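S.K.: For reference, the file structure-v1.pdb (PDB, C-alpha atoms) is included below:
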ATOM      1  CA  MET B   1       0.000   0.000   0.000
ATOM      2  CA  LEU B   2       1.661   3.185  -1.189
ATOM      3  CA  MET B   3       1.137   6.317   0.901
ATOM      4  CA  GLU B   4       2.361   9.870   0.798
ATOM      5  CA  ARG B   5       5.467  10.618   2.844
ATOM      6  CA  PRO B   6       4.550  11.475   6.457
ATOM      7  CA  GLN B   7       5.577  14.822   7.890
ATOM      8  CA  PRO B   8       7.359  15.170  11.262
ATOM      9  CA  GLY B   9       4.608  17.497  12.446
ATOM     10  CA  ASP B  10       1.788  14.953  12.076
ATOM     11  CA  GLU B  11      -0.505  14.509  15.053
ATOM     12  CA  PRO B  12       0.294  11.309  17.039
ATOM     13  CA  GLU B  13      -3.073   9.672  16.229
ATOM     14  CA  ASP B  14      -2.655  10.178  12.486
ATOM     15  CA  PHE B  15       0.997   9.181  12.634
ATOM     16  CA  ASN B  16       0.271   5.912  14.450
ATOM     17  CA  LYS B  17      -2.601   5.040  12.118
ATOM     18  CA  ARG B  18      -0.531   5.556   8.993
ATOM     19  CA  PHE B  19       2.469   3.783  10.501
ATOM     20  CA  ARG B  20       0.289   0.778  11.362
ATOM     21  CA  GLU B  21      -1.017   0.662   7.784
ATOM     22  CA  THR B  22       2.537   0.600   6.442
ATOM     23  CA  ALA B  23       3.571  -2.153   8.857
ATOM     24  CA  GLU B  24       0.544  -4.296   8.039
ATOM     25  CA  SER B  25       1.098  -3.895   4.287
ATOM     26  CA  LEU B  26       4.746  -4.976   4.513
ATOM     27  CA  VAL B  27       4.051  -7.945   6.775
ATOM     28  CA  ILE B  28       1.157  -9.233   4.661
ATOM     29  CA  MET B  29       3.200  -8.839   1.478
ATOM     30  CA  ALA B  30       6.184 -10.713   2.967
ATOM     31  CA  PHE B  31       4.168 -13.690   4.183
ATOM     32  CA  ILE B  32       2.208 -13.955   0.929
ATOM     33  CA  LEU B  33       5.440 -13.890  -1.064
ATOM     34  CA  GLY B  34       6.948 -16.485   1.273
ATOM     35  CA  GLY B  35       4.045 -18.870   0.760
ATOM     36  CA  VAL B  36       3.950 -18.309  -3.001
ATOM     37  CA  THR B  37       7.712 -18.792  -3.321
ATOM     38  CA  LEU B  38       7.568 -22.023  -1.323
ATOM     39  CA  ALA B  39       4.682 -23.349  -3.437
ATOM     40  CA  ILE B  40       6.375 -22.436  -6.716
ATOM     41  CA  GLY B  41       9.625 -23.939  -5.462
ATOM     42  CA  LEU B  42       7.887 -27.275  -4.930
ATOM     43  CA  LEU B  43       6.084 -26.979  -8.273
ATOM     44  CA  ALA B  44       9.300 -26.084 -10.107
ATOM     45  CA  SER B  45      11.301 -28.739  -8.213
ATOM     46  CA  SER B  46      13.796 -26.013  -7.269
ATOM     47  CA  LEU B  47      15.886 -26.240  -4.106
ATOM     48  CA  SER B  48      16.897 -22.581  -4.288
ATOM     49  CA  LEU B  49      13.312 -21.303  -4.560
ATOM     50  CA  CYS B  50      12.254 -23.332  -1.518
ATOM     51  CA  ALA B  51      15.209 -21.907   0.377
ATOM     52  CA  LEU B  52      14.378 -18.356  -0.740
ATOM     53  CA  SER B  53      10.984 -18.541   0.955
ATOM     54  CA  ALA B  54      12.822 -18.588   4.312
ATOM     55  CA  GLY B  55      13.920 -15.011   3.637
ATOM     56  CA  PHE B  56      10.378 -13.763   3.122
ATOM     57  CA  ILE B  57       9.167 -15.523   6.266
ATOM     58  CA  GLU B  58      11.963 -13.890   8.266
ATOM     59  CA  ASP B  59      11.229 -10.475   6.715
ATOM     60  CA  GLY B  60       7.546 -10.726   7.582
ATOM     61  CA  ALA B  61       8.252 -11.785  11.151
ATOM     62  CA  VAL B  62      11.033  -9.287  11.846
ATOM     63  CA  ASN B  63       9.305  -6.322  10.181
ATOM     64  CA  GLY B  64       6.030  -7.095  11.891
ATOM     65  CA  LEU B  65       7.575  -7.386  15.336
ATOM     66  CA  LEU B  66       9.795  -4.352  14.950
ATOM     67  CA  LEU B  67       7.333  -2.013  13.291
ATOM     68  CA  SER B  68       4.496  -2.889  15.646
ATOM     69  CA  ALA B  69       6.647  -2.486  18.754
ATOM     70  CA  VAL B  70       4.790   0.687  19.633
ATOM     71  CA  PHE B  71       1.404  -1.080  19.534
ATOM     72  CA  LEU B  72       2.071  -4.421  21.261
ATOM     73  CA  SER B  73       3.115  -5.391  24.760
ATOM     74  CA  PRO B  74       6.428  -7.305  25.199
ATOM     75  CA  ARG B  75       4.475 -10.414  26.244
ATOM     76  CA  THR B  76       2.342 -10.375  23.092
ATOM     77  CA  ARG B  77       5.388  -9.811  20.891
ATOM     78  CA  ARG B  78       7.162 -12.804  22.426
ATOM     79  CA  ARG B  79       4.153 -15.021  21.715
ATOM     80  CA  LEU B  80       4.101 -13.878  18.115
ATOM     81  CA  ALA B  81       7.860 -14.394  17.904
ATOM     82  CA  PHE B  82       7.479 -18.000  19.037
ATOM     83  CA  ALA B  83       4.925 -18.608  16.260
ATOM     84  CA  ALA B  84       7.217 -16.927  13.727
ATOM     85  CA  VAL B  85      10.212 -19.009  14.822
ATOM     86  CA  CYS B  86       8.119 -22.129  14.241
ATOM     87  CA  ALA B  87       7.241 -20.832  10.761
ATOM     88  CA  THR B  88      10.928 -20.635   9.852
ATOM     89  CA  ALA B  89      11.000 -24.441  10.009
ATOM     90  CA  LEU B  90       8.719 -24.707   6.959
ATOM     91  CA  PRO B  91      11.308 -23.992   4.208
ATOM     92  CA  PRO B  92      13.873 -26.521   5.529
ATOM     93  CA  LEU B  93      11.122 -29.160   5.781
ATOM     94  CA  ALA B  94       9.989 -28.394   2.226
ATOM     95  CA  LEU B  95      13.597 -28.557   1.082
ATOM     96  CA  ALA B  96      14.036 -31.974   2.698
ATOM     97  CA  ALA B  97      10.880 -33.247   0.973
ATOM     98  CA  LEU B  98      12.103 -31.880  -2.341
ATOM     99  CA  ILE B  99      15.497 -33.553  -1.968
ATOM    100  CA  VAL B 100      13.763 -36.902  -1.348
ATOM    101  CA  ARG B 101      11.544 -36.328  -4.389
ATOM    102  CA  LYS B 102      14.551 -35.461  -6.543
ATOM    103  CA  VAL B 103      16.389 -38.602  -5.466
ATOM    104  CA  LEU B 104      13.370 -40.755  -6.309
ATOM    105  CA  SER B 105      12.319 -39.065  -9.549
ATOM    106  CA  GLY B 106      15.321 -37.067 -10.704
ATOM    107  CA  ALA B 107      12.994 -34.183 -11.648
ATOM    108  CA  PRO B 108      15.018 -31.209 -12.932
ATOM    109  CA  PRO B 109      14.087 -27.665 -11.851
ATOM    110  CA  ILE B 110      12.279 -25.275 -14.202
ATOM    111  CA  PRO B 111      14.725 -22.426 -14.961
ATOM    112  CA  MET B 112      12.111 -19.954 -16.227
ATOM    113  CA  LEU B 113      10.176 -20.103 -12.956
ATOM    114  CA  MET B 114      13.406 -19.577 -11.033
ATOM    115  CA  ILE B 115      14.254 -16.517 -13.158
ATOM    116  CA  ALA B 116      10.758 -15.028 -12.872
ATOM    117  CA  VAL B 117      10.370 -15.533  -9.119
ATOM    118  CA  GLY B 118      13.935 -14.402  -8.359
ATOM    119  CA  ALA B 119      13.521 -11.187 -10.349
ATOM    120  CA  GLY B 120      10.085 -10.575  -8.820
ATOM    121  CA  ALA B 121      11.504 -11.058  -5.326
ATOM    122  CA  VAL B 122      14.148  -8.391  -5.951
ATOM    123  CA  LEU B 123      11.478  -5.926  -7.122
ATOM    124  CA  ALA B 124       9.287  -6.717  -4.106
ATOM    125  CA  ARG B 125      12.157  -6.014  -1.719
ATOM    126  CA  LEU B 126      12.891  -2.716  -3.440
ATOM    127  CA  LEU B 127       9.241  -1.752  -2.985
ATOM    128  CA  GLY B 128       9.380  -2.660   0.703
ATOM    129  CA  THR B 129      12.554  -0.625   1.113
ATOM    130  CA  SER B 130      10.958   2.439  -0.469
ATOM    131  CA  LEU B 131       8.038   2.241   1.973
ATOM    132  CA  LEU B 132      10.329   1.942   4.998
ATOM    133  CA  VAL B 133      12.660   4.758   3.969
ATOM    134  CA  ALA B 134       9.741   7.197   4.119
ATOM    135  CA  TRP B 135       9.498   6.557   7.872
ATOM    136  CA  ARG B 136      13.191   6.655   8.699
ATOM    137  CA  PRO B 137      13.252  10.286   9.976
ATOM    138  CA  HIS B 138      10.541   9.371  12.514
ATOM    139  CA  VAL B 139      11.509   5.913  13.814
ATOM    140  CA  ARG B 140      15.202   5.704  13.053
ATOM    141  CA  ASN B 141      16.148   2.761  15.272
ATOM    142  CA  LEU B 142      13.366   0.374  14.243
ATOM    143  CA  VAL B 143      13.516   1.171  10.543
ATOM    144  CA  LYS B 144      17.303   0.829  10.526
ATOM    145  CA  ILE B 145      17.018  -2.726  11.872
ATOM    146  CA  ALA B 146      14.214  -3.615   9.462
ATOM    147  CA  LEU B 147      16.153  -2.299   6.461
ATOM    148  CA  ALA B 148      19.242  -4.316   7.399
ATOM    149  CA  ASN B 149      17.691  -7.486   5.934
ATOM    150  CA  MET B 150      16.920  -5.950   2.546
ATOM    151  CA  PRO B 151      20.387  -6.194   0.885
ATOM    152  CA  ARG B 152      20.820  -9.784   2.037
ATOM    153  CA  GLY B 153      17.388 -10.796   0.749
ATOM    154  CA  SER B 154      17.884  -9.025  -2.568
ATOM    155  CA  ALA B 155      21.237 -10.768  -3.057
ATOM    156  CA  ALA B 156      19.664 -14.166  -2.366
ATOM    157  CA  ALA B 157      16.810 -13.519  -4.804
ATOM    158  CA  GLY B 158      19.242 -12.322  -7.456
ATOM    159  CA  ALA B 159      21.318 -15.477  -6.991
ATOM    160  CA  VAL B 160      18.239 -17.641  -7.600
ATOM    161  CA  ALA B 161      17.507 -15.790 -10.835
ATOM    162  CA  ALA B 162      21.164 -16.130 -11.877
ATOM    163  CA  ALA B 163      21.049 -19.881 -11.171
ATOM    164  CA  GLY B 164      17.995 -20.157 -13.410
ATOM    165  CA  ILE B 165      19.796 -18.307 -16.200
ATOM    166  CA  ALA B 166      22.839 -20.563 -15.816
ATOM    167  CA  MET B 167      20.715 -23.694 -15.990
ATOM    168  CA  ARG B 168      19.127 -22.591 -19.258
ATOM    169  CA  TRP B 169      22.573 -22.799 -20.868
ATOM    170  CA  ILE B 170      24.349 -25.433 -18.784
ATOM    171  CA  PRO B 171      22.604 -28.829 -18.405
ATOM    172  CA  THR B 172      23.474 -29.383 -14.732
ATOM    173  CA  LEU B 173      21.597 -29.232 -11.438
ATOM    174  CA  TRP B 174      24.537 -27.794  -9.489
ATOM    175  CA  PRO B 175      23.607 -24.069  -9.715
ATOM    176  CA  ASP B 176      20.215 -24.747  -8.118
ATOM    177  CA  ALA B 177      21.686 -26.966  -5.389
ATOM    178  CA  ILE B 178      24.558 -24.595  -4.559
ATOM    179  CA  VAL B 179      22.332 -21.509  -4.409
ATOM    180  CA  GLY B 180      19.730 -23.367  -2.340
ATOM    181  CA  ALA B 181      22.327 -24.406   0.229
ATOM    182  CA  GLY B 182      23.795 -20.888   0.284
ATOM    183  CA  VAL B 183      20.409 -19.221   0.829
ATOM    184  CA  LEU B 184      19.538 -21.567   3.690
ATOM    185  CA  ALA B 185      22.921 -20.876   5.287
ATOM    186  CA  LEU B 186      22.266 -17.151   4.873
ATOM    187  CA  TYR B 187      19.069 -17.439   6.907
ATOM    188  CA  ALA B 188      20.340 -19.946   9.475
ATOM    189  CA  ARG B 189      20.161 -17.229  12.141
ATOM    190  CA  ALA B 190      16.565 -16.274  11.316
ATOM    191  CA  PRO B 191      15.121 -17.538  14.643
ATOM    192  CA  ARG B 192      17.616 -15.409  16.573
ATOM    193  CA  ALA B 193      16.797 -12.312  14.495
ATOM    194  CA  ILE B 194      13.079 -12.833  15.081
ATOM    195  CA  TRP B 195      13.546 -13.224  18.834
ATOM    196  CA  ASN B 196      15.713 -10.103  19.034
ATOM    197  CA  ALA B 197      13.031  -8.168  17.144
ATOM    198  CA  ALA B 198      10.421  -9.332  19.649
ATOM    199  CA  ASN B 199      12.461  -7.748  22.435
ATOM    200  CA  ALA B 200      13.148  -4.475  20.597
ATOM    201  CA  ARG B 201      12.619  -1.305  22.616
ATOM    202  CA  ARG B 202       9.736   1.011  21.702
ATOM    203  CA  TRP B 203      10.703   4.118  19.812
ATOM    204  CA  GLN B 204      11.595   7.277  21.685
ATOM    205  CA  SER B 205       9.064  10.116  21.709
ATOM    206  CA  SER B 206      11.683  12.332  20.071
ATOM    207  CA  GLU B 207      11.558  10.104  16.984
ATOM    208  CA  GLY B 208       7.874  10.663  16.363
ATOM    209  CA  GLY B 209       4.612   9.191  17.585
ATOM    210  CA  ALA B 210       3.620   8.573  21.144
ATOM    211  CA  ALA B 211       5.883   6.558  23.423
TER     212      ALA B 211
END
Kindly return the structure encoded in the file as structure tokens.
M.R.:
Amino acid sequence: MLMERPQPGDEPEDFNKRFRETAESLVIMAFILGGVTLAIGLLASSLSLCALSAGFIEDGAVNGLLLSAVFLSPRTRRRLAFAAVCATALPPLALAALIVRKVLSGAPPIPMLMIAVGAGAVLARLLGTSLLVAWRPHVRNLVKIALANMPRGSAAAGAVAAAGIAMRWIPTLWPDAIVGAGVLALYARAPRAIWNAANARRWQSSEGGAA
């Protein structure tokens, strides 16, 4: 959901309402993309696409917990964090099922789906970044942490697209397998990041909004 850039002089009620709308839009988008990427990864028989979904799940959990810190109590955030940590187990489980299926059937991945989803994931992360940057003057600490995941996620998505391109010209499964393992390694610390976000401190009143 695109919105006009907020002004530092906004009234707290309006500021909080618009900030909540931004947070909800980003979280919903991340979890939808995570589910779609996981489903397409299974459909395309691609290890790297299944692994990439872990990044979207982490983004949705971390952004949601960080950006809603002003609205939720620490106890509620920890409960949500526990659910999010459990959700990070889905991509590795899907990857394990896909590996078993590959061993039994030898099904090759579909490079065009890898290219399309990888490129789309990069564009989606750029959109999310543009929405967060608009709030940086107001909630510097929280937005800074949320933005820290964007370069890593964009690099992982770009690597998936590159693996798809490579596999269109080189008849080997190695690019998909190598990128898949690399992406999972990249997000191995996702549970820790989610838990840290759940314990993030509310923004200071000097950064905008009501403390």
S.K.: Extract, using only C-alpha atoms, all DNA, RNA and protein residues at most 8 Å from Ala159 in chain B, discarding same-chain residues fewer than 4 positions from it, and format them as a VMD selection string.
M.R.: chain B and resid 118 155 163 179
S.K.: When you count all atoms listed in the file, which of these residues is closest to Ile170 in chain B: B:Gly35, B:Pro111, B:Pro74, B:Gly106?
M.R.: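 Using all atoms listed in the file, the shortest distance to Ile170 in chain B belongs to B:Pro111.
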S.K.: Apply the PyMOL selection byres ((chain B and resi 198) around 8) to the displayed file and report the matching residues as a PyMOL selection string.
M.R.: chain B and resi 62+65-66+69+74+77-78+80-81+194-197+199-200
S.K.: Set the distance at 12 Å and use all atoms listed in the file: which residues neighbour Ala89 in chain B once local chain neighbours fewer than 6 positions away are removed? I'd like the list as a count of residues only.
M.R.: 17
S.K.: Skipping near chain neighbours, those fewer than 4 positions away, what residues fall within 9 Å of range 24-32 of chain B using all atoms listed in the file, listed as a list in words?
M.R.: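 In the requested form, the answer reads Met1, Leu2, Phe19, Arg20, Val36, Thr37, Ser53, Gly55, Phe56, Ile57, Glu58, Asp59, Gly60, Ala61, Val62, Asn63, Gly64, Leu67, Ser68, Ala124, Arg125, Gly128, Leu131 and Leu132 of chain B.
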S.K.: What does the distance between CA of Pro171 in chain B and CA of Pro109 in chain B come to in Å, to one decimal place?
M.R.: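 Between CA of Pro171 in chain B and CA of Pro109 in chain B the gap is 10.8 Å.
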S.K.: Run through the PyMOL selection byres ((chain B and resi 173) around 12) on the given coordinates and return the selected residues as a list in words.
M.R.: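 Those residues are Ser45, Ser46, Leu47, Ser48, Lys102, Gly106, Ala107, Pro108, Pro109, Ile110, Pro111, Ala163, Gly164, Ala166, Met167, Arg168, Trp169, Ile170, Pro171, Thr172, Trp174, Pro175, Asp176, Ala177, Ile178, Val179 and Gly180 of chain B.
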S.K.: Convert the current residue selection to file output with C-alpha atoms, as a tab-separated table (two decimals), in the frame of the given file.
M.R.:
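File produced: result-v3.tsv:
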chain	number	residue	atom	x	y	z
B	45	SER	CA	11.30	-28.74	-8.21
B	46	SER	CA	13.80	-26.01	-7.27
B	47	LEU	CA	15.89	-26.24	-4.11
B	48	SER	CA	16.90	-22.58	-4.29
B	102	LYS	CA	14.55	-35.46	-6.54
B	106	GLY	CA	15.32	-37.07	-10.70
B	107	ALA	CA	12.99	-34.18	-11.65
B	108	PRO	CA	15.02	-31.21	-12.93
B	109	PRO	CA	14.09	-27.66	-11.85
B	110	ILE	CA	12.28	-25.28	-14.20
B	111	PRO	CA	14.72	-22.43	-14.96
B	163	ALA	CA	21.05	-19.88	-11.17
B	164	GLY	CA	18.00	-20.16	-13.41
B	166	ALA	CA	22.84	-20.56	-15.82
B	167	MET	CA	20.72	-23.69	-15.99
B	168	ARG	CA	19.13	-22.59	-19.26
B	169	TRP	CA	22.57	-22.80	-20.87
B	170	ILE	CA	24.35	-25.43	-18.78
B	171	PRO	CA	22.60	-28.83	-18.40
B	172	THR	CA	23.47	-29.38	-14.73
B	174	TRP	CA	24.54	-27.79	-9.49
B	175	PRO	CA	23.61	-24.07	-9.72
B	176	ASP	CA	20.22	-24.75	-8.12
B	177	ALA	CA	21.69	-26.97	-5.39
B	178	ILE	CA	24.56	-24.60	-4.56
B	179	VAL	CA	22.33	-21.51	-4.41
B	180	GLY	CA	19.73	-23.37	-2.34
S.K.: Rank B:Val117, B:Leu126, B:Val85, B:Leu93 by their smallest atom-to-atom distance to Ser154 in chain B, using all atoms listed in the file, and report the top residue only.
M.R.: B:Leu126
S.K.: Taking all atoms listed in the file into account, name the residue in B:Leu42, B:Leu49, B:Ala134, B:Leu186 that is nearest to Arg18 in chain B.
M.R.: B:Ala134
S.K.: Report, in Å with one decimal, the straight-line distance from CA of Met150 in chain B to CA of Thr129 in chain B.
M.R.: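 Distance reported for this atom pair: 7.0 Å.
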S.K.: What does the distance between CA of Ala44 in chain B and CA of Arg152 in chain B come to in Å, to one decimal place?
M.R.: 23.4 Å
S.K.: Calculated over all atoms listed in the file, which of the candidates B:Ala23, B:Val100, B:Met114, B:Thr88 has the smallest distance to Ile40 in chain B?
M.R.: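 Nearest candidate to Ile40 in chain B out of B:Ala23, B:Val100, B:Met114, B:Thr88: B:Met114.
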S.K.: From the options B:Leu52, B:Leu104, B:Val133, B:Leu98, which residue's atoms come nearest to Ala148 in chain B, counting only C-alpha atoms?
M.R.: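 Of the candidates, the smallest distance to Ala148 in chain B is held by B:Val133.
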